[in-house]
$ cat input36.txt   # compact mmCIF, C-alpha atoms
# COMPACT_ATOMS: atom_id res chain seq x y z
CA MET A 158 128.57 7.42 94.75
CA LEU A 159 127.16 3.89 94.76
CA SER A 160 123.42 3.51 94.40
CA SER A 161 121.49 1.60 97.04
CA HIS A 162 121.30 -1.25 94.54
CA MET A 163 125.10 -1.32 94.30
CA ARG A 164 125.55 -1.24 98.06
CA SER A 165 123.12 -4.10 98.57
CA LEU A 166 124.73 -6.17 95.85
CA ARG A 167 128.07 -5.81 97.58
CA THR A 168 126.75 -7.16 100.87
CA VAL A 169 124.08 -9.73 99.97
CA GLY A 170 124.64 -13.42 99.37
CA ARG A 171 128.21 -13.76 100.58
CA ARG A 172 129.77 -17.01 99.45
CA LEU A 173 133.20 -16.51 100.88
CA PHE A 174 136.24 -18.71 100.51
CA ASN A 175 139.82 -18.58 101.61
CA THR A 176 142.17 -16.53 99.43
CA ASP A 177 145.14 -16.59 101.80
CA ALA A 178 148.38 -17.34 99.94
CA SER A 179 149.41 -19.93 102.53
CA GLN A 180 147.01 -22.50 101.03
CA PHE A 181 149.01 -22.57 97.79
CA PRO A 182 152.40 -24.30 97.23
CA ALA A 183 155.19 -22.58 99.15
CA ALA A 184 157.34 -22.28 96.03
CA LYS A 185 154.56 -20.34 94.25
CA GLN A 186 153.55 -17.97 97.02
CA ARG A 187 156.07 -15.33 95.94
CA PHE A 188 154.05 -14.85 92.75
CA ILE A 189 150.80 -14.12 94.61
CA PRO A 190 150.25 -10.41 95.40
CA THR A 191 149.15 -9.33 98.87
CA SER A 192 147.90 -5.92 97.72
CA GLY A 193 147.26 -4.09 94.49
CA ASN A 194 146.61 -0.86 92.57
CA TYR A 195 143.34 -1.50 90.80
CA PRO A 196 141.74 0.56 88.00
CA LYS A 197 138.90 2.89 88.89
CA GLY A 198 135.35 1.86 88.10
CA PHE A 199 136.04 -1.89 88.02
CA TYR A 200 134.64 -4.41 90.48
CA ALA A 201 135.57 -8.07 90.93
CA GLY A 202 134.30 -11.13 92.74
CA GLY A 203 134.17 -14.90 92.76
CA SER A 204 132.21 -17.77 94.27
CA ALA A 205 131.50 -21.49 94.09
CA CYS A 206 128.32 -22.24 92.15
CA GLY A 207 128.64 -26.02 92.01
CA ILE A 208 130.14 -26.67 88.57
CA LYS A 209 133.25 -28.30 90.05
CA LYS A 210 132.65 -31.63 91.72
CA ASN A 211 135.01 -30.74 94.56
CA GLY A 212 133.03 -27.64 95.51
CA LYS A 213 135.91 -25.24 94.84
CA PRO A 214 135.36 -21.72 93.46
CA ASP A 215 134.26 -21.81 89.83
CA LEU A 216 132.50 -18.53 89.00
CA ALA A 217 134.04 -15.07 88.58
CA VAL A 218 132.85 -11.64 87.52
CA LEU A 219 134.80 -8.57 86.44
CA LEU A 220 132.45 -5.62 86.08
CA SER A 221 132.76 -1.99 84.96
CA ASP A 222 130.49 0.68 86.42
CA ARG A 223 130.17 2.18 82.92
CA PRO A 224 130.33 0.83 79.35
CA ALA A 225 133.89 -0.11 78.38
CA VAL A 226 135.71 -0.32 75.09
CA ALA A 227 136.63 -3.98 74.58
CA SER A 228 139.13 -5.76 72.36
CA ALA A 229 140.03 -9.43 72.31
CA VAL A 230 142.05 -12.08 70.55
CA PHE A 231 140.86 -15.66 70.27
CA THR A 232 142.07 -19.18 69.60
CA THR A 233 142.71 -20.19 66.01
CA ASN A 234 141.64 -23.76 66.84
CA GLN A 235 138.91 -24.67 64.32
CA PHE A 236 136.92 -26.34 67.11
CA CYS A 237 136.64 -22.99 68.86
CA ALA A 238 134.30 -23.10 71.84
CA ALA A 239 130.85 -21.50 72.04
CA PRO A 240 132.03 -18.67 74.34
CA VAL A 241 134.69 -17.73 71.78
CA GLN A 242 132.10 -17.54 69.02
CA PHE A 243 129.73 -15.51 71.18
CA ASP A 244 132.39 -13.03 72.37
CA ARG A 245 133.77 -12.52 68.87
CA GLN A 246 130.30 -11.60 67.64
CA LEU A 247 129.64 -9.27 70.58
CA ILE A 248 132.92 -7.37 70.18
CA ASN A 249 132.54 -7.12 66.41
CA GLY A 250 129.06 -5.70 67.01
CA ALA A 251 130.52 -3.05 69.30
CA ARG A 252 133.08 -2.14 66.64
CA GLU A 253 130.32 -1.74 64.05
CA ALA A 254 128.22 0.33 66.45
CA GLY A 255 131.20 2.57 67.18
CA ALA A 256 130.38 2.76 70.87
CA PRO A 257 131.53 0.99 74.06
CA ILE A 258 128.97 -1.53 75.29
CA VAL A 259 130.76 -4.14 77.42
CA ARG A 260 130.00 -3.99 81.14
CA ALA A 261 131.16 -7.37 82.45
CA VAL A 262 133.16 -10.53 81.89
CA VAL A 263 131.61 -13.63 83.43
CA THR A 264 133.96 -16.62 83.69
CA ASN A 265 133.31 -20.16 84.84
CA SER A 266 135.82 -22.93 85.46
CA GLY A 267 135.18 -26.66 85.48
CA CYS A 268 133.32 -26.86 82.16
CA ALA A 269 134.69 -25.52 78.87
CA ASN A 270 131.40 -25.43 76.91
CA ALA A 271 133.49 -26.57 73.94
CA VAL A 272 132.44 -29.04 71.22
CA THR A 273 128.90 -28.78 72.55
CA GLY A 274 127.09 -28.07 69.27
CA LYS A 275 124.17 -25.69 68.89
CA GLN A 276 123.22 -26.04 72.56
CA GLY A 277 126.61 -24.69 73.52
CA LEU A 278 125.88 -21.44 71.66
CA VAL A 279 122.49 -21.22 73.35
CA ASP A 280 124.12 -21.75 76.74
CA ALA A 281 126.79 -19.10 76.07
CA LYS A 282 124.04 -16.59 75.26
CA LEU A 283 122.09 -17.56 78.39
CA MET A 284 125.26 -17.12 80.46
CA SER A 285 125.74 -13.65 78.98
CA GLU A 286 122.13 -12.77 79.71
CA ALA A 287 122.63 -13.85 83.32
CA GLY A 288 125.63 -11.51 83.39
CA ASP A 289 123.48 -8.69 82.01
CA ARG A 290 120.95 -9.22 84.81
CA PHE A 291 123.80 -9.05 87.31
CA VAL A 292 124.94 -5.74 85.82
CA SER A 293 121.37 -4.42 85.93
CA ARG A 294 121.09 -5.24 89.61
CA PHE A 295 124.47 -3.63 90.22
CA SER A 296 123.61 -0.38 88.46
CA GLY A 297 119.95 -0.25 89.42
CA SER A 298 118.77 0.07 85.83
CA ALA A 299 118.20 -2.29 82.93
CA VAL A 300 121.02 -2.97 80.48
CA GLY A 301 120.02 -2.52 76.86
CA GLY A 302 121.27 -5.38 74.67
CA SER A 303 124.11 -7.82 75.32
CA SER A 304 126.86 -6.30 77.46
CA SER A 305 128.54 -9.31 79.08
CA LEU A 306 131.42 -11.30 77.64
CA VAL A 307 131.62 -14.93 78.73
CA MET A 308 134.58 -17.25 79.19
CA SER A 309 134.60 -20.93 80.11
CA THR A 310 137.41 -23.31 80.96
CA GLY A 311 137.54 -26.93 82.02
CA VAL A 312 136.57 -30.27 80.52
CA ILE A 313 135.71 -30.29 76.80
CA GLY A 314 132.54 -31.94 75.50
CA GLN A 315 130.27 -31.44 78.49
CA SER A 316 127.13 -29.31 78.58
CA LEU A 317 127.36 -26.07 80.54
CA PRO A 318 125.14 -26.03 83.67
CA VAL A 319 123.79 -22.56 83.01
CA GLU A 320 121.26 -22.74 85.81
CA LYS A 321 124.08 -23.12 88.34
CA ILE A 322 125.81 -20.06 86.90
CA SER A 323 122.62 -18.02 86.98
CA THR A 324 121.91 -19.01 90.58
CA GLY A 325 125.53 -18.41 91.50
CA LEU A 326 125.40 -14.88 90.11
CA ASP A 327 122.33 -14.15 92.24
CA GLY A 328 124.48 -14.54 95.34
CA LEU A 329 127.86 -13.35 94.10
CA GLU A 330 129.51 -10.38 95.82
CA VAL A 331 131.72 -7.89 93.97
CA GLY A 332 133.97 -5.14 95.27
CA GLU A 333 136.91 -2.90 94.42
CA GLY A 334 139.44 -4.18 96.95
CA HIS A 335 142.33 -6.61 96.63
CA ASP A 336 140.56 -9.51 98.33
CA MET A 337 137.68 -9.34 95.84
CA TRP A 338 140.09 -9.43 92.91
CA MET A 339 141.81 -12.39 94.53
CA ARG A 340 138.49 -14.22 94.80
CA ALA A 341 137.92 -13.71 91.09
CA ALA A 342 141.43 -14.99 90.32
CA VAL A 343 140.97 -18.11 92.48
CA ALA A 344 137.66 -18.86 90.76
CA HIS A 345 139.44 -18.98 87.37
CA MET A 346 141.68 -21.88 88.42
CA THR A 347 141.49 -25.43 87.04
CA THR A 348 144.80 -27.34 87.17
CA ASP A 349 146.52 -24.09 88.17
CA THR A 350 148.44 -24.35 91.44
CA PHE A 351 148.16 -20.63 92.26
CA PRO A 352 145.93 -17.68 91.26
CA LYS A 353 147.39 -15.35 88.64
CA LEU A 354 146.65 -11.70 89.39
CA LEU A 355 148.63 -8.59 88.54
CA SER A 356 148.02 -4.84 88.91
CA ARG A 357 150.00 -1.70 88.12
CA ARG A 358 149.63 2.08 88.28
CA TYR A 359 151.34 4.12 85.56
CA GLN A 360 152.73 7.63 85.38
CA GLY A 361 150.28 8.44 82.62
CA GLY A 362 147.55 8.52 85.26
CA PHE A 363 145.94 5.16 84.52
CA SER A 364 146.03 1.69 86.09
CA MET A 365 145.80 -1.88 84.84
CA ALA A 366 144.72 -5.11 86.51
CA GLY A 367 144.68 -8.54 84.96
CA ILE A 368 143.63 -12.09 85.77
CA THR A 369 144.70 -15.09 83.77
CA LYS A 370 144.52 -18.84 84.14
CA GLY A 371 146.37 -21.66 82.51
CA ALA A 372 148.85 -24.40 83.23
CA GLY A 373 148.36 -26.84 80.35
CA MET A 374 147.28 -26.67 76.68
CA ILE A 375 149.47 -23.58 76.47
CA HIS A 376 150.84 -22.78 73.04
CA PRO A 377 150.29 -20.14 70.35
CA ASN A 378 148.77 -19.29 68.06
CA MET A 379 146.52 -16.86 69.80
CA ALA A 380 146.39 -16.26 73.46
CA THR A 381 146.70 -19.83 74.70
CA LEU A 382 144.46 -19.55 77.79
CA LEU A 383 141.88 -17.27 79.42
CA GLY A 384 142.65 -13.78 80.61
CA THR A 385 141.11 -10.37 81.14
CA ILE A 386 142.98 -7.09 81.49
CA CYS A 387 141.09 -4.06 82.80
CA THR A 388 142.32 -0.48 82.51
CA ASP A 389 140.76 2.83 83.47
CA ALA A 390 142.52 4.59 80.58
CA ASN A 391 140.36 6.39 78.02
CA VAL A 392 141.39 4.78 74.72
CA SER A 393 139.56 4.45 71.41
CA GLN A 394 138.50 1.13 69.89
CA GLU A 395 141.00 1.50 67.04
CA MET A 396 143.90 2.22 69.38
CA LEU A 397 142.98 -0.58 71.78
CA ASP A 398 142.78 -3.06 68.91
CA ARG A 399 146.16 -1.89 67.64
CA ALA A 400 147.80 -2.02 71.06
CA LEU A 401 146.45 -5.49 71.82
CA LYS A 402 147.61 -6.92 68.48
CA TYR A 403 151.14 -5.68 69.18
CA ALA A 404 151.13 -6.73 72.83
CA VAL A 405 149.76 -10.24 72.41
CA ALA A 406 152.48 -11.14 69.87
CA ARG A 407 155.06 -10.34 72.54
CA SER A 408 153.29 -11.88 75.53
CA PHE A 409 150.54 -14.49 75.41
CA ASN A 410 151.59 -15.53 71.91
CA ALA A 411 155.15 -15.88 73.18
CA ILE A 412 154.61 -18.65 75.72
CA SER A 413 154.48 -22.42 75.44
CA VAL A 414 154.08 -25.18 78.01
CA ASP A 415 153.14 -28.28 76.05
CA GLY A 416 152.51 -27.33 72.41
CA ASP A 417 148.74 -27.86 72.62
CA MET A 418 146.32 -25.10 71.61
CA SER A 419 143.06 -24.91 73.55
CA THR A 420 139.58 -24.59 72.04
CA ASN A 421 138.75 -21.74 74.43
CA ASP A 422 141.72 -19.37 74.30
CA THR A 423 140.65 -15.78 74.86
CA ILE A 424 142.42 -12.65 76.01
CA ALA A 425 140.24 -9.59 76.42
CA VAL A 426 141.12 -6.01 77.33
CA LEU A 427 138.50 -3.62 78.74
CA ALA A 428 139.07 0.14 78.96
CA ASN A 429 136.43 2.21 80.76
CA GLY A 430 138.11 5.64 80.87
CA ALA A 431 137.29 6.16 84.56
CA SER A 432 140.73 7.63 85.34
CA GLY A 433 140.23 10.50 82.92
CA ALA A 434 143.62 9.75 81.34
CA VAL A 435 143.03 10.13 77.60
CA ILE A 436 145.31 8.16 75.29
CA GLY A 437 145.87 10.09 72.06
CA GLU A 438 148.28 9.39 69.24
CA GLU A 439 151.05 11.19 71.09
CA GLY A 440 150.69 8.84 74.05
CA PHE A 441 149.84 5.70 72.13
CA VAL A 442 153.30 4.11 72.06
CA GLU A 443 153.70 4.63 75.82
CA PHE A 444 150.32 2.98 76.44
CA ARG A 445 151.03 0.16 73.98
CA ASP A 446 154.39 -0.58 75.57
CA ALA A 447 152.88 -0.47 79.07
CA LEU A 448 150.21 -2.96 77.97
CA THR A 449 152.86 -5.17 76.34
CA GLU A 450 155.06 -5.23 79.44
CA PHE A 451 152.05 -5.87 81.68
CA MET A 452 150.76 -8.72 79.53
CA ALA A 453 154.22 -10.28 79.25
CA GLU A 454 154.52 -10.36 83.03
CA LEU A 455 151.03 -11.81 83.35
CA ALA A 456 151.74 -14.43 80.69
CA ALA A 457 154.96 -15.43 82.44
CA LEU A 458 152.90 -16.48 85.46
CA VAL A 459 151.22 -19.11 83.29
CA VAL A 460 154.57 -20.60 82.31
CA ARG A 461 155.71 -20.56 85.94
CA ASP A 462 152.66 -22.69 86.68
CA GLY A 463 153.14 -25.04 83.74
CA GLU A 464 151.82 -28.46 84.62
CA GLY A 465 154.62 -30.39 86.30
CA ALA A 466 157.14 -27.65 85.53
CA THR A 467 160.28 -27.20 87.61
CA LYS A 468 161.96 -24.47 85.51
CA PHE A 469 161.09 -21.13 83.93
CA ILE A 470 163.01 -20.77 80.68
CA THR A 471 163.40 -17.56 78.68
CA VAL A 472 164.48 -18.05 75.08
CA GLU A 473 165.86 -14.84 73.60
CA VAL A 474 166.82 -14.69 69.94
CA ARG A 475 168.81 -11.65 68.82
CA GLY A 476 170.45 -10.48 65.61
CA ALA A 477 167.63 -11.59 63.31
CA ARG A 478 166.63 -9.97 60.03
CA SER A 479 163.04 -9.49 61.24
CA PHE A 480 160.89 -9.87 64.34
CA ASP A 481 159.07 -12.76 62.64
CA ASP A 482 162.36 -14.60 62.02
CA ALA A 483 163.45 -14.11 65.62
CA LYS A 484 160.05 -15.25 66.89
CA ARG A 485 160.09 -18.36 64.71
CA VAL A 486 163.50 -19.46 65.95
CA ALA A 487 162.61 -18.74 69.57
CA SER A 488 159.35 -20.64 69.25
CA THR A 489 161.05 -23.65 67.69
CA ILE A 490 163.49 -23.86 70.59
CA ALA A 491 160.78 -23.31 73.21
CA THR A 492 158.53 -26.05 71.85
CA SER A 493 161.19 -28.73 71.35
CA SER A 494 160.44 -31.68 73.64
CA LEU A 495 164.10 -32.67 73.49
CA VAL A 496 165.19 -29.22 74.68
CA LYS A 497 162.55 -29.14 77.42
CA THR A 498 163.43 -32.61 78.75
CA ALA A 499 167.14 -31.73 78.74
CA PHE A 500 166.40 -28.75 80.98
CA TYR A 501 164.36 -30.98 83.28
CA GLY A 502 167.30 -33.37 83.53
CA GLN A 503 169.72 -30.46 84.01
CA ASP A 504 171.65 -31.80 81.04
CA ALA A 505 173.80 -29.28 79.10
CA ASN A 506 172.94 -30.96 75.80
CA TRP A 507 173.28 -27.74 73.82
CA GLY A 508 173.24 -29.59 70.50
CA ARG A 509 169.47 -29.96 70.89
CA ILE A 510 169.10 -26.17 71.03
CA LEU A 511 171.30 -25.60 67.99
CA CYS A 512 169.45 -28.33 66.13
CA ALA A 513 166.15 -26.51 66.76
CA VAL A 514 167.67 -23.28 65.46
CA GLY A 515 168.66 -25.09 62.29
CA TYR A 516 165.24 -26.54 61.46
CA ALA A 517 163.23 -23.44 62.38
CA GLY A 518 162.82 -22.54 58.72
CA VAL A 519 164.77 -19.28 58.88
CA GLU A 520 167.70 -18.62 56.56
CA LEU A 521 170.91 -18.61 58.60
CA ASP A 522 174.59 -17.79 58.31
CA THR A 523 175.71 -20.70 60.46
CA GLY A 524 179.16 -19.14 60.85
CA ALA A 525 177.64 -16.09 62.56
CA VAL A 526 175.58 -17.82 65.28
CA ASP A 527 176.42 -17.33 68.97
CA MET A 528 174.70 -19.23 71.79
CA SER A 529 174.89 -19.05 75.57
CA ILE A 530 172.93 -19.92 78.70
CA TRP A 531 172.39 -17.39 81.48
CA PRO A 532 171.55 -18.03 85.14
CA GLY A 533 168.51 -16.42 86.72
CA ASP A 534 170.54 -15.30 89.72
CA GLY A 535 172.38 -12.60 87.76
CA GLY A 536 175.65 -14.51 87.57
CA TRP A 537 177.93 -14.84 84.56
CA PRO A 538 176.73 -16.77 81.50
CA LEU A 539 178.22 -19.81 79.89
CA VAL A 540 179.11 -19.39 76.20
CA LEU A 541 178.35 -22.57 74.26
CA VAL A 542 178.81 -21.55 70.62
CA GLU A 543 180.73 -18.60 69.18
CA LYS A 544 180.56 -17.68 65.48
CA GLY A 545 179.24 -21.13 64.71
CA GLU A 546 182.05 -22.89 66.55
CA PRO A 547 181.59 -24.82 69.81
CA ARG A 548 183.38 -23.44 72.87
CA LEU A 549 185.31 -26.51 73.98
CA PRO A 550 185.79 -28.10 76.36
CA LEU A 551 182.37 -27.56 77.85
CA ASP A 552 182.56 -26.23 81.41
CA GLU A 553 180.38 -28.94 82.96
CA VAL A 554 180.68 -27.48 86.45
CA ARG A 555 179.38 -24.05 85.40
CA ALA A 556 176.68 -25.67 83.27
CA LYS A 557 175.42 -27.60 86.30
CA GLU A 558 175.47 -24.44 88.45
CA ILE A 559 173.20 -22.71 85.92
CA LEU A 560 170.87 -25.59 85.09
CA VAL A 561 170.12 -26.42 88.71
CA LEU A 562 168.44 -23.01 89.06
CA GLU A 563 164.69 -22.48 88.56
CA ASP A 564 165.17 -19.54 86.14
CA VAL A 565 167.39 -20.02 83.10
CA LYS A 566 167.78 -17.99 79.90
CA VAL A 567 168.94 -19.22 76.51
CA VAL A 568 170.39 -16.51 74.27
CA VAL A 569 170.91 -17.13 70.58
CA ASP A 570 172.40 -14.38 68.39
CA LEU A 571 171.88 -15.11 64.70
CA GLY A 572 174.32 -12.37 63.72
CA VAL A 573 172.50 -11.26 60.57
CA GLY A 574 170.31 -8.34 61.70
CA GLN A 575 169.02 -6.17 64.54
CA GLU A 576 165.65 -7.69 65.47
CA MET A 577 164.92 -9.61 68.67
CA ALA A 578 162.12 -11.75 70.12
CA ARG A 579 161.54 -13.73 73.32
CA MET A 580 159.59 -16.85 74.13
CA TYR A 581 158.82 -18.12 77.62
CA THR A 582 158.58 -21.82 78.29
CA CYS A 583 159.15 -24.46 80.96
CA ASP A 584 160.68 -27.90 81.20
CA LEU A 585 158.82 -31.16 80.56
CA SER A 586 158.68 -33.50 83.53
CA HIS A 587 157.24 -36.83 84.64
CA ASP A 588 154.57 -34.94 86.56
CA TYR A 589 153.16 -33.43 83.36
CA VAL A 590 152.21 -36.91 82.20
CA SER A 591 150.72 -37.81 85.58
CA ILE A 592 148.58 -34.64 85.74
CA ASN A 593 147.17 -35.06 82.24
CA ALA A 594 146.67 -38.82 82.41
CA ASP A 595 143.69 -38.42 84.78
CA TYR A 596 142.52 -34.82 84.18
CA ARG A 597 138.79 -35.64 84.06
CA SER A 598 138.86 -37.30 87.46
$ encode --input "input36.txt" --output "structure tokens"
Amino acid sequence: MLSSHMRSLRTVGRRLFNTDASQFPAAKQRFIPTSGNYPKGFYAGGSACGIKKNGKPDLAVLLSDRPAVASAVFTTNQFCAAPVQFDRQLINGAREAGAPIVRAVVTNSGCANAVTGKQGLVDAKLMSEAGDRFVSRFSGSAVGGSSSLVMSTGVIGQSLPVEKISTGLDGLEVGEGHDMWMRAAVAHMTTDTFPKLLSRRYQGGFSMAGITKGAGMIHPNMATLLGTICTDANVSQEMLDRALKYAVARSFNAISVDGDMSTNDTIAVLANGASGAVIGEEGFVEFRDALTEFMAELAALVVRDGEGATKFITVEVRGARSFDDAKRVASTIATSSLVKTAFYGQDANWGRILCAVGYAGVELDTGAVDMSIWPGDGGWPLVLVEKGEPRLPLDEVRAKEILVLEDVKVVVDLGVGQEMARMYTCDLSHDYVSINADYRS
């Protein structure tokens, strides 16, 4: 049962905005959910607090009605932003305490609070404290100590207007329904062209919901953007840390749009146990794999919204000696500007792909390598290289039929082992330059 404080918080200070999918590009609307299966005990909401000059939504809250176990991975950029530093300290403190403490994730868009010196750290703490006050009003009782993670995205080098965030939280509405989760997703957006929201219910008796944002500065190593996954599974800190480490290597650390790594990259997972589904060692692999699949699907939405992108490209490397070898080769292909521009031009210049395989830094048997391209429509693939030899003459007609499609897969079999890895990337277009040439305006 909700307390009177909770009920009032859900109905006071409505700052509503349109979340209808029709306002977003027609080509992207198929990726926007119209309903969802959301985890128990989590509430979401979003509003416009005035950080963005255009008045669009820029403040989001994801809140648990009880303390949640939290795990996160962060950017490895040495100029990591103040929110990253604050969140890392908060989660490490929870690990040391051996008890769940996180109640909320407060996210703003429009200002990254990055490269902002000592004041940036002060502002991150003030933002968290504003989140704690929000949680206190929600629950009707004071929160002891820091319980709110903070995330910021937007322009680097500008001071965070904390007072706008604090005032915005005073009037922000949260709820359990799909529309409220959509509002939170919309409020995460910067150069994104559509909100990125996903939810699933699993046979194990638990659910997951996740929001992510990102369209540029997308490249490992870490998470490459902002995102929060919430689950009502009951899972220990140690298991959640272990599951996230495995999952992120196969999802958010397996995507690339432009090869740039942000100062603010954070992916957090919150588990509040509200479903009653306890994850023990016997069920760990099932939970880990569910989280991995969920995060991979969520991460793919970022690539599909890559700035200026016209194609979604899966790079699958098979037959490697190790996962790390497969991942390195896949990443080298996915980040090659020559490969990405060839896909944009629908040019079957497969030599660029093979060249990237060769300089990836992995020992090869060049006479064992196979390579093909696969259409996203389920049709038959085009073999380009077999046992290190080119398949000639190149079927230019079939190549064009595949490369004109939005979804394309590159498959490279190294032929020296059993391990496999995937990377997800997009093409590199003229529009990418146009978008990033005037980002601050």
$ closest_residue --input "input36.txt" --among "A:Phe451, A:Phe295, A:Phe351, A:Phe181" --to "Val426 of chain A" --atoms "all atoms listed in the file"
A:Phe451
$ residues_around --input "input36.txt" --residues "Asp389 of chain A" --least-positions-apart "5" --cutoff "7 Å" --atoms "all atoms listed in the file" --output "list of chain:residue names"
A:Pro196, A:Lys197, A:Phe363, A:Ser364, A:Ala428, A:Asn429, A:Gly430, A:Ala431, A:Ser432
$ closest_residue --input "input36.txt" --among "A:Leu354, A:Met577, A:Ala271, A:Val343" --to "Leu317 of chain A" --atoms "all atoms listed in the file"
A:Ala271
$ closest_residue --input "input36.txt" --among "A:Glu473, A:Asp222, A:Asp327, A:Glu546" --to "Val486 of chain A" --atoms "only C-alpha atoms"
A:Glu473
$ residues_near_point --input "input36.txt" --point "(163.8, -26.0, 69.0)" --cutoff "8 Å" --atoms "all atoms listed in the file" --output "list in words"
Val486, Ala487, Ser488, Thr489, Ile490, Ala491, Thr492, Ser493, Val496, Arg509, Ile510, Leu511, Cys512, Ala513, Val514, Tyr516 and Ala517 of chain A
$ atom_distance --input "input36.txt" --atom1 "atom CA of Thr388 of chain A" --atom2 "atom CA of Gly250 of chain A"
21.1 Å
$ atom_distance --input "input36.txt" --atom1 "atom CA of His345 of chain A" --atom2 "atom CA of Val472 of chain A"
27.9 Å
$ atom_distance --input "input36.txt" --atom1 "atom CA of Arg357 of chain A" --atom2 "atom CA of Asn249 of chain A"
28.4 Å
$ closest_residue --input "input36.txt" --among "A:Leu397, A:Val459, A:Ala229, A:Met284" --to "Gly371 of chain A" --atoms "only C-alpha atoms"
A:Val459
$ closest_residue --input "input36.txt" --among "A:Thr369, A:Asn391, A:Gln246, A:Thr449" --to "Ala406 of chain A" --atoms "only C-alpha atoms"
A:Thr449
$ closest_residue --input "input36.txt" --among "A:Gln180, A:Gln242, A:Ser586, A:Thr310" --to "Thr264 of chain A" --atoms "all atoms listed in the file"
A:Thr310
$ residues_around --input "input36.txt" --residues "Asn194 of chain A" --least-positions-apart "3" --cutoff "9 Å" --atoms "only C-alpha atoms" --output "PyMOL selection string"
chain A and resi 335+355-358+364-366
$ residues_around --input "input36.txt" --residues "segment 474-480 of chain A" --least-positions-apart "5" --cutoff "12 Å" --atoms "all atoms listed in the file" --output "PyMOL selection string"
chain A and resi 403+406-407+485-491+510-511+514+519-522+525-530+566-581
$ residues_around --input "input36.txt" --residues "Met346 of chain A" --least-positions-apart "2" --cutoff "10 Å" --atoms "only C-alpha atoms" --output "number ranges by chain"
A: 213-216, 265-267, 310-311, 341-344, 348-353, 369-372
